[in-house]
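S.K.: Here you go, one structure.
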Number of protein chains: 2
Amino acid sequence: MTTRTVTCEPQNFRRVLSSMCTEPHPLARQAASRFLATNPGDPTTYRTVSKLESEVVERLGEVTGQSDVEGYIASGGTEANIQAVRAARDFHDVNDPNVVVPEHAHFSFHKAADVLDVELRTVPLTERLVADVDAVAAATDRDTVLVAGVAGSTEYGRVDPIPKLADLAAAVDAFTHVDAAWGGFYLPFTEYDWNFADAAVDTLTIDPHKLGQAAVPAGGFLTQSRKIMDTLAVETPYLESTSQATLTGTRSGAGVASAVAVLRELWPDGYREQFETSMSDAEWLADALSNRGFDVVEPTLPLVAASVSERLFERLRKRGWRLSRTANGELRIVCMPHVTRELLESFVETIDELR
Amino acid sequence: MTTRTVTCEPQNFRRVLSSMCTEPHPLARQAASRFLATNPGDPTTYRTVSKLESEVVERLGEVTGQSDVEGYIASGGTEANIQAVRAARDFHDVNDPNVVVPEHAHFSFHKAADVLDVELRTVPLTERLVADVDAVAAATDRDTVLVAGVAGSTEYGRVDPIPKLADLAAAVDAFTHVDAAWGGFYLPFTEYDWNFADAAVDTLTIDPHKLGQAAVPAGGFLTQSRKIMDTLAVETPYLESTSQATLTGTRSGAGVASAVAVLRELWPDGYREQFETSMSDAEWLADALSNRGFDVVEPTLPLVAASVSERLFERLRKRGWRLSRTANGELRIVCMPHVTRELLESFVETIDELR
């Protein structure tokens with residue numbers, strides 16, 4: 001190995017319990033490597049990957065309950081959420097646009113509000129850690145252009161009451177957006193109402209590079225409406241295509257190809273099996289932590305939060321565990337596909353050693 | 001090969017004369033494949049790739065004449081240009097911010113103006129196809145937050161008089177941005193004044209995934225000023241890092257790793273050789289087209305534009321050449337590293353057959 005070799009992330013994902021990304025599926029890796037030199041942002045030049053992108057969008061439509069869906073593969077959930085706010089702002093003719101989100105909305109909504117210069121109204125959660133519908137109702141008004149709900153929150157994996165949020169949005173003629181960036185590939189195997197089929201959802205974020213097991217970057221921006229795509233489009237001279245609705249310009253063909261490969265392989269049975277395994281592992285972990293006297297937030301999707309001391313948290317990190325915390329300071333374990341039962345057992349063993 | 005295999009772009013890059021991306025360098029490909037599962041957007045979890053990103057930024061500082069540079073690896077030039085406009089808008093306290101760009105500025109500035117709700121003032125070019133300094137001066141006022149120049153324009157590869165534009169920006173207390181997304185890896189081997197060392201440049205776009213021969217996505221956003229990075233930062237709960245200055249959230253470790261690998265290998269000699277070869281090929285092509293009676297725009301960087309009939313253009317495309325046009329309808333050939341003399345000879349042969 002020479003100094004010129006760029007060496008790999010040490011112990012790649014081995015002890016990563018904090019990430020909403022995961023080891024890409026082997027077929028996703030393979031496809032990504034093959035398409036490193038393509039750009040779906042220039043569809044006339046790169047026709048094959050452009051067709052693959054249409055296929056991914058169609059398949060994401062199956063995952064989200066809408067066969068006739070429009071959209072594109074974004075750099076990630078942040079871009080998709082920014083685009084949802086942008087479309088809502090530009091579609092509605094109001095003086096002082098505002099966007100209503102529950103407190104657990106991803107920080108990309110704060111970024112979107114900053115970038116797009118709209119007011120962000122953040123409303124509290126209920127005790128069950130989902131959007132408080134009354135608070136959302138109180139926050140909306142005639143200048144509201146978007147009500148966003150989260151389907152699989154970053155901190156606790158909770159799902160907002162999307163149909164009720166959509167009703168509130170409709171009442172003030174605003175768009176409804178669902179951020180299922182993380183949860184979107186688990187939710188089809190649950191009883192939750194969250195997608196285009198369950199409510200009048202205008203736009204939706206679902207990221208193949210999270211639970212979809214595609215390679216980064218493969219986020220998903222979906223909408224039911226051609227008009228929304230048109231709202232986002234700007235003209236593109238010197239590309240032979242005529243307009244571009246994406247926020248970024250050049251885009252990754254690797255992400256697109258990897259998403260196609262893994263969706264063809266895993267949807268729906270492979271994803272269902274992963275969900276069942278991860279959910280059972282999350283429940284096992286919640287019990288294990290609870291049995292040891294930690295205060296655990298009951299997992300409703302495969303994400304476990306538990307109160308641990310600052311001292312224990314730091315000691316666990318020093319032992320090589322890659323961990324993160326909720327805003328309340330709870331330890332937060334995301335049961336991604338690379339987080340196996342064995343890994344969790346070894347994590348709990350470390351806790352037993354350190355307590 | 002089963003139906004599940006995602007097959008490669010047919011004849012990848014073989015006849016692509018229209019793209020500002022290219023076949024990544026073999027070392028870039030290798031590094032990208034190794035880092036497909038990493039996310040520099042979460043630097044505490046993915047520490048190795050985060051260190052590599054600092055190295056890329058430092059090396060891009062060498063390319064752009066500023067050893068003490070700040071910045072990050074963006075999804076591409078569009079993101080970097082949007083960020084430049086965003087920083088300028090947010091840094092300056094004016095009522096009705098405007099951004100002054102020459103007519104040949106990339107369409108990402110139109111996207112930026114739309115997204116960020118700033119006025120875009122587009123000023124004409126001189127006969128030499130560069131920004132008309134008097135027109136720029138006339139367009140700036142106390143509400144101007146940014147004057148942008150292009151160093152390697154998309155249509156003709158021309159370089160604006162950056163030091164003069166920087167003076168005009170300074171006169172109204174605005175930022176100066178240089179879009180060297182494409183040209184940045186050729187310009188160090190020319191006499192042009194374009195970078196941080198040549199003028200008071202605040203922000204600069206330079207894309208490793210274009211002439212840097214890295215894999216997509218690897219754009220570059222650079223600045224001399226910590227304050228500008230702070231202007232862009234938003235808080236990041238549940239990431240253990242505290243803030244994020246990027247427009248996107250999750251980002252591609254593959255792009256970062258591939259940029260490090262190729263910069264270590266090619267800067268400066270490899271890039272210089274590529275520039276000399278491509279420049280000489282562009283001049284050969286310009287002569288060949290001129291000798292055949294076509295009206296050619298003299299190449300000053302390796303990009304050739306020539307007037308051809310609509311009929312010839314369509315017939316060339318039907319023969320498999322991937323081509324694009326300038327807004328004036330001229331055929332536009334970008335001499336990227338994959339565009340060899342042999343490829344250009346074969347292209348000219350096709351022209352001879354079809355005329």
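Naming works like this for the structure tokens: A, B, ... for the chains as they're shown, residue 1 at the start of each chain, ligands 1 onward in shown order.
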Counting only C-alpha atoms, what is within 8 Å of A:Pro299, bar same-chain residues fewer than 2 positions away, as a PyMOL selection string?
M.R.: chain A and resi 156-157+282-283+286+297+301-305
S.K.: Any idea what's packed within 10 Å of A:Ala200, counting only C-alpha atoms, ignoring anything in its chain fewer than 6 positions away? Could you give it as a PyMOL selection string?
M.R.: chain A and resi 162-167+169-170+175-177+194+224
S.K.: Each residue of chain B with at least one atom at most 7 Å from chain A should appear once, together with its nearest atom pair and the corresponding distance in Å (one decimal); atoms considered: only C-alpha atoms; ordering: chain, then increasing residue number; output as a tab-separated table.
M.R.:
residue	atom	partner	partner_atom	distance
B:Arg4	CA	A:Arg264	CA	6.5
B:Thr5	CA	A:Ala261	CA	7.0
B:Val6	CA	A:Ala261	CA	6.0
B:Cys8	CA	A:Arg34	CA	6.1
B:Glu9	CA	A:Thr48	CA	5.4
B:Thr22	CA	A:Ala37	CA	6.7
B:Glu23	CA	A:Ala37	CA	5.6
B:Pro24	CA	A:Ala37	CA	6.3
B:Ala31	CA	A:Val6	CA	6.2
B:Ser33	CA	A:Ser33	CA	5.7
B:Arg34	CA	A:Cys8	CA	6.1
B:Phe35	CA	A:Cys8	CA	6.5
B:Leu36	CA	A:Ala215	CA	5.9
B:Ala37	CA	A:Glu23	CA	5.6
B:Thr45	CA	A:Arg322	CA	5.8
B:Thr48	CA	A:Glu9	CA	5.4
B:Val49	CA	A:Glu9	CA	6.8
B:Ser75	CA	A:Thr248	CA	6.9
B:Gly76	CA	A:Thr250	CA	6.0
B:Thr78	CA	A:Gly249	CA	5.4
B:Glu79	CA	A:Thr248	CA	5.7
B:Arg86	CA	A:Val115	CA	6.9
B:Phe107	CA	A:Thr236	CA	6.4
B:Lys111	CA	A:Val234	CA	6.4
B:Val115	CA	A:Leu116	CA	6.0
B:Leu116	CA	A:Leu116	CA	5.3
B:Ala215	CA	A:Leu36	CA	5.9
B:Val216	CA	A:Ser252	CA	5.6
B:Pro217	CA	A:Ser252	CA	5.8
B:Val234	CA	A:Lys111	CA	6.4
B:Thr236	CA	A:Phe107	CA	6.4
B:Pro237	CA	A:Ala327	CA	6.2
B:Tyr238	CA	A:Thr326	CA	5.4
B:Leu239	CA	A:Ser324	CA	6.4
B:Glu240	CA	A:Ser324	CA	6.0
B:Thr248	CA	A:Thr78	CA	5.6
B:Gly249	CA	A:Thr78	CA	5.4
B:Thr250	CA	A:Gly76	CA	6.0
B:Arg251	CA	A:Pro217	CA	6.5
B:Ser252	CA	A:Val216	CA	5.6
B:Ala257	CA	A:Val6	CA	6.8
B:Ala261	CA	A:Val6	CA	6.0
B:Arg264	CA	A:Arg4	CA	6.4
B:Arg322	CA	A:Thr45	CA	5.8
B:Ser324	CA	A:Glu240	CA	6.0
B:Arg325	CA	A:Tyr238	CA	5.5
B:Thr326	CA	A:Tyr238	CA	5.4
B:Ala327	CA	A:Pro237	CA	6.2
S.K.: Quick one: residues within 10 Å of A:Tyr192, only C-alpha atoms counted, chain neighbours fewer than 6 positions away excluded, as a CSV table (one decimal) with C-alpha atoms, in the first residue's frame?
M.R.:
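See selection-v7.csv below for the written result:
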chain,number,residue,atom,x,y,z
A,151,ALA,CA,-43.3,9.2,9.0
A,159,VAL,CA,-45.2,8.4,12.7
A,160,ASP,CA,-47.4,11.5,12.7
A,161,PRO,CA,-51.2,11.2,12.0
A,162,ILE,CA,-50.7,12.0,8.3
A,198,ASP,CA,-53.7,6.7,2.8
S.K.: Could you find all residues in stretch 86-296 of chain B that DSSP calls strand (DSSP E or B) from the backbone, and write them as a PyMOL selection string?
M.R.: chain B and resi 98-102+119-123+125+131+144-151+159+175-179+203-205+219-223+234-235+243-244+296
S.K.: Take the residues just selected and output them with C-alpha atoms as a compact mmCIF listing (two decimals), in the first residue's frame.
M.R.:
# COMPACT_ATOMS: atom_id res chain seq x y z
CA ASN B 98 -29.57 41.57 -6.32
CA VAL B 99 -26.87 39.47 -7.93
CA VAL B 100 -25.05 40.63 -11.06
CA VAL B 101 -23.89 37.99 -13.53
CA PRO B 102 -22.73 38.08 -17.15
CA GLU B 119 -33.06 39.53 -8.21
CA LEU B 120 -30.73 38.28 -10.93
CA ARG B 121 -29.29 41.02 -13.15
CA THR B 122 -27.89 39.53 -16.32
CA VAL B 123 -25.54 41.78 -18.27
CA LEU B 125 -20.93 40.10 -23.04
CA ALA B 131 -18.39 39.95 -19.23
CA THR B 144 -25.94 44.27 -4.96
CA VAL B 145 -24.76 41.44 -2.71
CA LEU B 146 -22.77 39.46 -5.26
CA VAL B 147 -20.95 39.95 -8.54
CA ALA B 148 -20.18 36.64 -10.20
CA GLY B 149 -17.69 35.95 -12.96
CA VAL B 150 -17.17 32.81 -14.99
CA ALA B 151 -13.75 31.23 -15.42
CA VAL B 159 -12.78 33.61 -18.82
CA PHE B 175 -19.02 39.61 -2.55
CA THR B 176 -17.13 38.35 -5.59
CA HIS B 177 -17.78 34.80 -6.76
CA VAL B 178 -15.88 32.90 -9.44
CA ASP B 179 -17.55 29.99 -11.18
CA THR B 203 -16.19 32.36 -2.97
CA LEU B 204 -15.26 30.01 -5.77
CA THR B 205 -16.75 26.95 -7.44
CA GLY B 219 -18.30 19.58 -6.67
CA GLY B 220 -16.27 22.13 -4.76
CA PHE B 221 -17.35 25.19 -2.78
CA LEU B 222 -14.43 27.27 -1.52
CA THR B 223 -14.08 30.50 0.41
CA VAL B 234 -27.50 25.66 10.55
CA GLU B 235 -27.67 23.72 13.81
CA SER B 243 -23.59 22.57 12.66
CA GLN B 244 -23.78 22.03 8.95
CA VAL B 296 -15.58 28.50 -35.69
S.K.: Could you work out how far atom CA of B:Ile206 lies from atom CA of B:Ala180, giving the answer in Å with one decimal?
M.R.: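 Taking atom CA of B:Ala180 as the start and atom CA of B:Ile206 as the end point, the length is 5.0 Å.
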S.K.: So how many Å separate atom CA of A:Val334 and atom CA of A:Gly184, to one decimal?
M.R.: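 Those two atoms sit 14.5 Å apart.
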S.K.: Quick one: residues within 9 Å of A:Leu316, only C-alpha atoms counted, chain neighbours fewer than 3 positions away excluded, as a list in words?
M.R.: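 Answer for this query is Arg311, Leu312, Phe313, Arg319, Gly320, Trp321, Arg322, Leu323, Phe347, Thr350, Ile351 and Leu354 of chain A.
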S.K.: Hey, can you spit out that residue selection with N, CA, C and O atoms as a CSV table (one decimal), in the first residue's frame?
M.R.:
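As written to disk, again_31.csv reads:
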chain,number,residue,atom,x,y,z
A,311,ARG,N,-21.7,10.0,31.5
A,311,ARG,CA,-20.5,9.2,31.8
A,311,ARG,C,-20.5,7.9,31.0
A,311,ARG,O,-19.5,7.6,30.3
A,312,LEU,N,-21.6,7.2,31.1
A,312,LEU,CA,-21.7,5.9,30.3
A,312,LEU,C,-21.6,6.2,28.8
A,312,LEU,O,-20.9,5.4,28.1
A,313,PHE,N,-22.3,7.2,28.4
A,313,PHE,CA,-22.3,7.5,26.9
A,313,PHE,C,-20.9,7.7,26.4
A,313,PHE,O,-20.5,7.2,25.4
A,319,ARG,N,-15.0,3.2,23.8
A,319,ARG,CA,-14.8,1.8,23.4
A,319,ARG,C,-15.1,1.6,21.9
A,319,ARG,O,-15.1,0.4,21.4
A,320,GLY,N,-15.3,2.6,21.1
A,320,GLY,CA,-15.4,2.5,19.7
A,320,GLY,C,-16.8,2.4,19.1
A,320,GLY,O,-17.0,2.3,17.9
A,321,TRP,N,-17.8,2.6,20.0
A,321,TRP,CA,-19.2,2.6,19.5
A,321,TRP,C,-19.5,4.0,19.0
A,321,TRP,O,-19.2,5.0,19.6
A,322,ARG,N,-20.1,4.0,17.7
A,322,ARG,CA,-20.4,5.3,17.2
A,322,ARG,C,-21.9,5.6,17.5
A,322,ARG,O,-22.8,4.9,17.0
A,323,LEU,N,-22.1,6.5,18.4
A,323,LEU,CA,-23.4,6.7,19.0
A,323,LEU,C,-23.8,8.2,18.8
A,323,LEU,O,-23.0,9.1,18.6
A,347,PHE,N,-23.0,-4.9,22.1
A,347,PHE,CA,-23.2,-3.6,22.6
A,347,PHE,C,-23.7,-3.7,24.1
A,347,PHE,O,-23.2,-3.0,25.0
A,350,THR,N,-21.0,-4.7,26.4
A,350,THR,CA,-20.1,-3.5,26.7
A,350,THR,C,-20.8,-2.7,27.8
A,350,THR,O,-20.1,-2.3,28.7
A,351,ILE,N,-22.0,-2.5,27.7
A,351,ILE,CA,-22.8,-1.7,28.7
A,351,ILE,C,-22.6,-2.4,30.1
A,351,ILE,O,-22.3,-1.8,31.1
A,354,LEU,N,-19.3,-1.8,31.6
A,354,LEU,CA,-19.0,-0.4,32.0
A,354,LEU,C,-19.8,0.1,33.1
A,354,LEU,O,-19.5,1.1,33.8
S.K.: What lies within 9 Å of B:Leu285 using only C-alpha atoms, ignoring chain neighbours under 6 positions off, as an NGL selection string?
M.R.: :B and (304 or 341 or 344-345 or 348)
S.K.: Would you work out the distance separating atom CA of A:Trp267 from atom CA of A:Gly65, expressed in Å to one decimal?
M.R.: 13.2 Å
S.K.: Considering only C-alpha atoms, return as an NGL selection string whatever protein or nucleic-acid residues lie within 8 Å of A:Asp143, sequence-local ones (same chain, fewer than 6 positions apart) excluded.
M.R.: :A and (94-98)
